[in-house]
Structure formats: structure tokens, C-alpha cells
$ cat work-v9.cif   # mmCIF, C-alpha atoms
data_target
#
loop_
_atom_site.label_atom_id
_atom_site.label_comp_id
_atom_site.auth_asym_id
_atom_site.auth_seq_id
_atom_site.Cartn_x
_atom_site.Cartn_y
_atom_site.Cartn_z
CA MET A 1 0.00 0.00 0.00
CA SER A 2 1.24 3.49 -0.84
CA SER A 3 2.15 5.70 2.10
CA LEU A 4 -0.51 7.97 3.55
CA ASN A 5 2.08 10.28 5.07
CA GLY A 6 0.81 13.85 5.05
CA LYS A 7 -2.80 12.86 4.46
CA VAL A 8 -5.58 13.62 6.93
CA ALA A 9 -8.30 11.04 7.57
CA VAL A 10 -11.57 11.34 9.46
CA VAL A 11 -13.21 8.23 10.89
CA THR A 12 -16.60 8.41 12.58
CA GLY A 13 -17.52 5.69 15.04
CA ALA A 14 -13.82 5.45 15.87
CA SER A 15 -14.39 4.66 19.54
CA ARG A 16 -14.98 0.92 19.07
CA GLY A 17 -15.43 -2.02 16.74
CA VAL A 18 -14.95 -1.62 13.01
CA GLY A 19 -14.44 2.15 13.19
CA SER A 20 -11.64 1.82 15.72
CA ARG A 21 -9.84 -0.81 13.64
CA ILE A 22 -10.13 1.28 10.48
CA ALA A 23 -8.76 4.33 12.27
CA LEU A 24 -5.81 2.33 13.59
CA ARG A 25 -5.06 0.91 10.14
CA LEU A 26 -5.06 4.33 8.48
CA ALA A 27 -2.83 5.73 11.22
CA ARG A 28 -0.39 2.85 10.83
CA GLU A 29 -0.16 3.72 7.15
CA GLY A 30 0.88 7.26 8.02
CA ALA A 31 -2.31 9.32 8.01
CA GLY A 32 -3.19 11.72 10.76
CA VAL A 33 -6.59 10.52 11.92
CA ALA A 34 -9.40 12.53 13.46
CA LEU A 35 -11.39 10.21 15.70
CA LEU A 36 -15.08 11.08 15.92
CA ALA A 37 -17.69 9.51 18.20
CA ARG A 38 -19.81 10.38 21.20
CA GLY A 39 -17.68 9.03 24.04
CA ARG A 40 -14.36 10.73 24.83
CA THR A 41 -13.08 7.92 27.05
CA ALA A 42 -13.46 5.25 24.37
CA LEU A 43 -12.00 7.57 21.72
CA GLU A 44 -8.96 8.10 23.92
CA GLU A 45 -8.49 4.32 24.05
CA THR A 46 -8.33 4.28 20.25
CA GLN A 47 -5.95 7.23 20.36
CA ARG A 48 -3.65 5.38 22.76
CA ALA A 49 -3.62 2.35 20.46
CA ILE A 50 -2.65 4.64 17.58
CA ASP A 51 0.07 6.29 19.68
CA ASP A 52 1.45 2.87 20.62
CA HIS A 53 1.96 2.17 16.90
CA GLY A 54 3.70 5.49 16.33
CA GLY A 55 0.72 7.19 14.70
CA HIS A 56 -1.19 10.39 15.34
CA GLY A 57 -4.82 10.48 16.44
CA PHE A 58 -6.91 13.54 17.21
CA VAL A 59 -9.94 13.02 19.48
CA VAL A 60 -13.13 14.89 18.55
CA PRO A 61 -16.13 13.98 20.74
CA VAL A 62 -19.34 14.62 18.81
CA ASN A 63 -22.97 13.53 18.95
CA LEU A 64 -23.62 12.57 15.33
CA ALA A 65 -27.36 12.87 15.86
CA ARG A 66 -26.94 16.65 16.19
CA PRO A 67 -26.10 18.60 13.01
CA GLU A 68 -24.78 21.59 14.96
CA GLU A 69 -22.21 19.37 16.72
CA ILE A 70 -21.13 17.86 13.40
CA GLU A 71 -20.55 21.32 11.97
CA ALA A 72 -18.42 22.30 14.96
CA ALA A 73 -16.48 19.03 14.79
CA THR A 74 -15.70 19.29 11.09
CA ASP A 75 -14.54 22.88 11.52
CA SER A 76 -12.28 21.77 14.39
CA VAL A 77 -10.74 18.97 12.31
CA GLU A 78 -9.78 21.28 9.46
CA GLN A 79 -8.43 23.94 11.82
CA GLN A 80 -6.29 21.44 13.71
CA LEU A 81 -5.22 19.05 10.95
CA GLY A 82 -5.80 20.76 7.60
CA THR A 83 -7.56 19.57 4.46
CA VAL A 84 -9.15 16.15 4.83
CA SER A 85 -8.24 13.57 2.17
CA ILE A 86 -9.96 10.45 3.54
CA LEU A 87 -13.39 10.18 5.14
CA VAL A 88 -14.77 6.95 6.58
CA ASN A 89 -18.29 7.11 7.99
CA ALA A 90 -18.31 4.02 10.22
CA ALA A 91 -20.64 5.24 12.96
CA GLY A 92 -23.98 3.49 13.08
CA VAL A 93 -26.83 2.44 15.32
CA PHE A 94 -29.33 -0.33 14.69
CA GLY A 95 -32.31 1.70 15.80
CA PRO A 96 -35.47 0.48 17.45
CA ILE A 97 -36.14 -3.21 16.92
CA GLY A 98 -39.88 -3.66 16.60
CA LEU A 99 -42.90 -3.34 14.38
CA VAL A 100 -43.41 0.10 12.90
CA LYS A 101 -46.62 0.64 14.87
CA ASP A 102 -44.77 -0.01 18.13
CA THR A 103 -41.55 1.93 17.55
CA ASP A 104 -40.46 5.09 19.35
CA PRO A 105 -40.42 7.84 16.69
CA ARG A 106 -37.50 9.60 18.37
CA ALA A 107 -35.34 6.47 18.25
CA TRP A 108 -36.42 5.78 14.65
CA LEU A 109 -35.46 9.28 13.53
CA GLU A 110 -32.19 9.18 15.48
CA THR A 111 -31.22 6.10 13.45
CA ILE A 112 -31.77 8.01 10.23
CA MET A 113 -29.81 10.97 11.61
CA ILE A 114 -26.77 8.93 12.62
CA ASN A 115 -26.72 6.41 9.76
CA THR A 116 -27.71 8.65 6.85
CA VAL A 117 -27.85 12.36 7.63
CA ALA A 118 -24.52 12.48 9.50
CA PRO A 119 -22.64 10.93 6.53
CA TYR A 120 -24.31 13.49 4.25
CA LEU A 121 -23.11 16.31 6.51
CA THR A 122 -19.54 15.03 6.79
CA CYS A 123 -19.35 14.39 3.03
CA ARG A 124 -20.70 17.88 2.39
CA ALA A 125 -18.12 19.35 4.75
CA PHE A 126 -15.05 17.66 3.31
CA ALA A 127 -15.76 16.87 -0.36
CA GLY A 128 -14.97 20.40 -1.53
CA GLY A 129 -11.47 20.30 -0.09
CA MET A 130 -10.83 16.91 -1.65
CA ILE A 131 -11.96 18.16 -5.06
CA ALA A 132 -9.77 21.26 -4.76
CA GLN A 133 -6.68 19.13 -4.12
CA GLY A 134 -7.60 16.60 -6.81
CA TRP A 135 -7.50 13.54 -4.53
CA GLY A 136 -9.82 12.05 -1.99
CA ARG A 137 -11.49 8.88 -0.77
CA ILE A 138 -14.92 8.62 0.87
CA VAL A 139 -16.00 5.28 2.32
CA ASN A 140 -19.44 4.93 3.88
CA VAL A 141 -20.04 1.80 5.94
CA THR A 142 -23.35 0.24 4.95
CA SER A 143 -24.85 -3.19 5.54
CA ALA A 144 -26.00 -6.22 3.64
CA ALA A 145 -29.32 -5.57 5.39
CA ALA A 146 -29.99 -2.97 2.70
CA LEU A 147 -29.84 -5.67 0.02
CA HIS A 148 -31.80 -8.39 1.79
CA GLU A 149 -35.51 -8.73 1.17
CA PRO A 150 -37.24 -6.38 3.64
CA GLY A 151 -38.83 -8.02 6.65
CA PRO A 152 -40.39 -7.01 9.96
CA ILE A 153 -38.79 -5.20 12.93
CA ASN A 154 -35.88 -3.61 11.04
CA SER A 155 -37.45 -0.62 9.30
CA ALA A 156 -35.21 2.11 10.73
CA TYR A 157 -31.84 0.45 10.12
CA GLY A 158 -32.74 -1.03 6.74
CA THR A 159 -34.15 2.27 5.49
CA SER A 160 -31.15 4.23 6.75
CA LYS A 161 -28.67 1.99 4.97
CA ALA A 162 -30.63 1.84 1.72
CA ALA A 163 -30.73 5.64 1.77
CA LEU A 164 -27.00 5.78 2.52
CA ASN A 165 -26.31 3.54 -0.48
CA GLN A 166 -28.31 5.74 -2.83
CA PHE A 167 -26.82 8.95 -1.44
CA THR A 168 -23.33 7.57 -1.99
CA ARG A 169 -24.15 6.68 -5.59
CA HIS A 170 -25.36 10.22 -6.24
CA LEU A 171 -22.22 11.62 -4.62
CA ALA A 172 -20.01 9.30 -6.67
CA ALA A 173 -21.67 10.50 -9.88
CA GLU A 174 -20.91 14.09 -8.93
CA LEU A 175 -17.28 13.23 -8.10
CA LYS A 176 -16.53 11.39 -11.33
CA GLY A 177 -13.38 12.74 -12.93
CA THR A 178 -12.30 14.82 -9.93
CA GLY A 179 -9.79 12.38 -8.43
CA VAL A 180 -12.18 11.79 -5.53
CA THR A 181 -14.20 8.59 -5.09
CA ALA A 182 -17.14 7.54 -2.93
CA ASN A 183 -18.10 3.94 -2.19
CA VAL A 184 -20.00 1.90 0.38
CA ILE A 185 -18.74 -1.26 2.05
CA HIS A 186 -20.36 -4.09 3.98
CA PRO A 187 -17.95 -4.62 6.89
CA GLY A 188 -18.92 -8.23 7.45
CA ASP A 189 -20.99 -9.87 10.15
CA VAL A 190 -19.07 -8.68 13.17
CA LYS A 191 -19.61 -9.64 16.81
CA THR A 192 -19.91 -6.11 18.19
CA ASP A 193 -22.03 -4.21 20.70
CA MET A 194 -24.61 -3.83 17.93
CA TRP A 195 -24.72 -7.61 17.55
CA ALA A 196 -25.29 -7.96 21.30
CA TYR A 197 -28.13 -5.45 21.18
CA ILE A 198 -29.80 -7.25 18.26
CA LYS A 199 -29.46 -10.59 20.05
CA GLU A 200 -31.01 -9.28 23.26
CA ALA A 201 -33.80 -7.20 21.72
CA SER A 202 -34.89 -9.73 19.09
CA GLY A 203 -34.96 -12.47 21.71
CA ARG A 204 -37.78 -10.62 23.49
CA LEU A 205 -40.06 -10.29 20.46
CA GLY A 206 -41.03 -13.88 19.75
CA SER A 207 -41.44 -15.47 16.33
CA VAL A 208 -41.63 -12.16 14.42
CA ALA A 209 -37.93 -11.76 15.14
CA ASP A 210 -36.84 -15.30 14.27
CA ALA A 211 -34.62 -14.16 11.40
CA TYR A 212 -32.60 -11.92 13.70
CA VAL A 213 -32.40 -14.50 16.45
CA GLN A 214 -31.00 -16.96 13.92
CA TRP A 215 -28.54 -14.37 12.59
CA ALA A 216 -27.28 -13.57 16.08
CA GLU A 217 -26.85 -17.26 16.84
CA TRP A 218 -24.98 -17.77 13.56
CA VAL A 219 -22.56 -14.93 14.32
CA GLU A 220 -22.00 -16.32 17.81
CA LYS A 221 -21.37 -19.81 16.45
CA THR A 222 -18.95 -18.66 13.72
CA GLY A 223 -17.31 -15.99 15.86
CA GLY A 224 -18.19 -13.41 13.23
CA ASP A 225 -15.89 -11.66 10.79
CA ASP A 226 -12.69 -10.11 12.08
CA PRO A 227 -13.02 -6.28 11.89
CA GLU A 228 -9.56 -6.27 10.35
CA LYS A 229 -11.18 -7.50 7.11
CA ALA A 230 -13.05 -4.21 6.85
CA ALA A 231 -9.89 -2.27 7.69
CA SER A 232 -8.07 -4.08 4.90
CA LEU A 233 -10.82 -3.25 2.42
CA VAL A 234 -10.62 0.43 3.34
CA ALA A 235 -6.84 0.28 3.01
CA ASP A 236 -7.26 -1.08 -0.51
CA LEU A 237 -9.71 1.68 -1.43
CA VAL A 238 -7.35 4.48 -0.39
CA ARG A 239 -4.60 3.24 -2.67
CA ASP A 240 -3.79 5.42 -5.66
CA ASP A 241 -4.49 2.49 -7.97
CA ALA A 242 -8.09 2.27 -6.66
CA ALA A 243 -9.01 5.58 -8.31
CA HIS A 244 -11.25 3.77 -10.79
CA VAL A 245 -13.46 2.28 -8.04
CA ASN A 246 -16.33 4.70 -7.57
CA GLY A 247 -19.99 4.36 -6.68
CA GLN A 248 -19.72 0.68 -5.78
CA PHE A 249 -21.06 -1.62 -3.06
CA LEU A 250 -17.99 -3.54 -1.90
CA TRP A 251 -17.54 -6.65 0.23
CA ILE A 252 -14.74 -7.76 2.53
CA GLY A 253 -12.51 -10.62 1.47
CA ASP A 254 -13.36 -14.09 2.76
CA GLY A 255 -16.45 -12.95 4.64
CA PHE A 256 -18.78 -15.46 6.25
CA GLN A 257 -21.66 -14.06 4.17
CA ALA A 258 -21.40 -14.46 0.40
CA PRO A 259 -21.72 -11.22 -1.59
CA ILE A 260 -25.23 -10.30 -2.72
CA PRO A 261 -25.72 -8.70 -6.14
CA SER A 262 -26.24 -4.96 -5.88
CA TRP A 263 -26.30 -2.29 -8.56
CA GLY A 264 -24.05 -2.44 -11.59
CA GLN A 265 -24.80 -6.03 -12.57
CA THR A 266 -27.42 -4.88 -15.11
CA LYS A 267 -27.92 -1.62 -16.95
CA ASP A 268 -30.90 0.55 -16.12
CA GLN A 269 -33.37 0.90 -18.97
CA GLN A 270 -34.11 4.61 -19.29
CA PRO A 271 -35.64 5.28 -22.73
CA TRP A 272 -35.57 9.03 -22.21
CA ARG A 273 -31.76 9.09 -21.99
CA ARG A 274 -29.65 9.90 -25.05
CA ARG A 275 -26.86 7.36 -25.45
CA GLU A 276 -23.41 8.58 -26.39
#

$ encode --input "work-v9.cif" --output "C-alpha cells"
Amino acid sequence: MSSLNGKVAVVTGASRGVGSRIALRLAREGAGVALLARGRTALEETQRAIDDHGGHGFVVPVNLARPEEIEAATDSVEQQLGTVSILVNAAGVFGPIGLVKDTDPRAWLETIMINTVAPYLTCRAFAGGMIAQGWGRIVNVTSAAALHEPGPINSAYGTSKAALNQFTRHLAAELKGTGVTANVIHPGDVKTDMWAYIKEASGRLGSVADAYVQWAEWVEKTGGDDPEKAASLVADLVRDDAAHVNGQFLWIGDGFQAPIPSWGQTKDQQPWRRRE
């Protein structure tokens, strides 16, 4: 992998799990990494791990459900570290597990805010600087849940990730030819705090949640994917020779779940479009 020395990366959700591992990997490759998440204590643990490997991490506590805090955080990053070249939106919440009629609207909307609106705001904040310097990489962490057939109890999370996918495709179309790319990745089926929440909450709902109970049991039985697989995929995407990869749904290598077809396998039929 080419050196990231001199480049500035931002990783949301850097306090734990996949986000923490991605932040550590980018720092080990030479990038200065701004670590964004809600909890300062956990962010400082990631920072210490980066320091132990000779890297540089910059802690920025932020509630990603609040646009005004995101604006302040992005301003702080650029003031302290300079122009951002790499953005990884890894923060995510699963949202309320339950039937739509029973869900808490505040929790449902918070899921959309953190999983979809926050990536929009961070992309909006940093894309201009990337375009101006002619190089940049944006990676939004999505989920295979957005490609599975919709089912009960998962409306907030599934909707948020489907929206994130489509937003990223629009962004990628706008970035074409600028030297900046935007893609989404499925980080694998990882045994994280989110997995523990899904296991506990779905276990209380009875048969309507059988699919999630079975998924949680499968992850527990297999041990889940190592978060380092997602970190390796991000590392591949920030290589100079990955400049042609744009607007794609990408999968980790050797994941426990086989890749599901997404967009790009067939051409859209749009009779109103002139073909060049």
C-alpha cells in the first residue's frame, strides 16, 4: 500500500469495533486521523492504540445525531489538521427493533440521523477540499441488510442503509473525474455491541424476530468476521491504484456471508436518456 504520510483522515464511530480498527489501520499507514464519536473515554483508548503504533490520532467527541455538533467538529478537524483527504463514515446504530406501529419515533429518527444524515453532513463538509486538491477517498459503511428482502422489525436500520447507499451513488456521480471517489462497504458480520443489542432485543419479540435470532446465533457460532477484514478493504480503497473504483457496493474478502448482487450487474433501462 502506498504511504498515507501527510494525508488527513476522518473516521466516525472510531471509539470501538470496526471504526476503531479502520482508524488504527489508516494511522499505521501514516495518516493523521481525526477520531469522531460520542464518548471521549473510548475515543482516547483508540488514540492510545494509535500512539502505541507510532501514529497520530486527534480526538473529537461529537454527537452525530446533532447537526450543529457535526458542523463544529468538522470545523475543528480542518483547523487542527488541515484539508481532509480520507473520510470513513463508520458510525452506526441499529435503531429500534420492533414493528413500525410499536416503535419510538424519536429512536427511529435518530437512526436516520446517525446512519444517513450524519454521513451526508460530513461528506458535504469535506468533499470540496478533496476536489480542490484533486485527490480524496470517501467510504461509507453500509450493511447487507440494505440488500436483503425487507422483513419485519428492522425498518429504521434497513431504510437508513438503503438511503445511505443511494446517497453515496449520487455523490459518486458528482465526483466522477475529480480524483475523488465515494463507495459503500459491507464490513462483514461482526460480533460487536450492535450484535449484542440485536441478540437481546430480538430475543424478546417472539417469532416475528426469528430471522434476527438466527442471525445472532450464527454470528456467535462462527465468531463473526474479524473487523480487520473491513480495515483491509478500506486500506485497498485508499490506494492510488483504486481511483477507478467509484460508486460501488464492496464486500470484505473471505467474509462469512457471500456477496449479494447490488447495482451495476445490469444496466438501467431509461428510454428518455440519449446514449453517447

$ resolve_selection --input "work-v9.cif" --expression "the PyMOL selection byres ((chain A and resi 181-188) around 9)" --output "NGL selection string"
:A and (18 or 135-144 or 164-165 or 168-169 or 171-173 or 175-180 or 189-190 or 224-227 or 229-231 or 233-234 or 237 or 242-252 or 255-257)

$ resolve_selection --input "work-v9.cif" --expression "the PyMOL selection byres ((chain A and resi 106-112) around 10)" --output "PyMOL selection string"
chain A and resi 64-66+92-97+100+103-105+113-118+155-161+163-164

$ residues_around --input "work-v9.cif" --residues "Ser85 (chain A)" --least-positions-apart "5" --cutoff "6 Å" --atoms "all atoms listed in the file" --output "ChimeraX atom specification"
/A:7-9,130,136

$ write_last_selection --input "work-v9.cif" --atoms "C-alpha atoms" --output "CSV table (one decimal), in the frame of the given file"
chain,number,residue,atom,x,y,z
A,7,LYS,CA,-2.8,12.9,4.5
A,8,VAL,CA,-5.6,13.6,6.9
A,9,ALA,CA,-8.3,11.0,7.6
A,130,MET,CA,-10.8,16.9,-1.6
A,136,GLY,CA,-9.8,12.0,-2.0

$ residues_around --input "work-v9.cif" --residues "Ser15 (chain A)" --least-positions-apart "4" --cutoff "7 Å" --atoms "all atoms listed in the file" --output "ChimeraX atom specification"
/A:19-20,37,42-43,46

$ atom_distance --input "work-v9.cif" --atom1 "CA of Thr192 (chain A)" --atom2 "CA of Val33 (chain A)"
22.2 Å

$ atom_distance --input "work-v9.cif" --atom1 "CA of Asp254 (chain A)" --atom2 "CA of Gly151 (chain A)"
26.5 Å

$ resolve_selection --input "work-v9.cif" --expression "the PyMOL selection byres ((chain A and resi 213) around 8)" --output "ChimeraX atom specification"
/A:198-199,202-203,209-212,214-217

$ residues_near_point --input "work-v9.cif" --point "(-13.6, 5.9, 13.5)" --cutoff "6 Å" --atoms "only C-alpha atoms" --output "PDB file with C-alpha atoms, keeping the file's coordinate frame"
ATOM      1  CA  VAL A  11     -13.210   8.230  10.890  1.00  0.00           C
ATOM      2  CA  THR A  12     -16.600   8.410  12.580  1.00  0.00           C
ATOM      3  CA  GLY A  13     -17.520   5.690  15.040  1.00  0.00           C
ATOM      4  CA  ALA A  14     -13.820   5.450  15.870  1.00  0.00           C
ATOM      5  CA  GLY A  19     -14.440   2.150  13.190  1.00  0.00           C
ATOM      6  CA  SER A  20     -11.640   1.820  15.720  1.00  0.00           C
ATOM      7  CA  ALA A  23      -8.760   4.330  12.270  1.00  0.00           C
ATOM      8  CA  LEU A  35     -11.390  10.210  15.700  1.00  0.00           C
ATOM      9  CA  LEU A  36     -15.080  11.080  15.920  1.00  0.00           C
TER      10      LEU A  36
END

$ closest_residue --input "work-v9.cif" --among "A:His56, A:Gly134, A:Arg21, A:Ala49" --to "Val88 (chain A)" --atoms "only C-alpha atoms"
A:Arg21
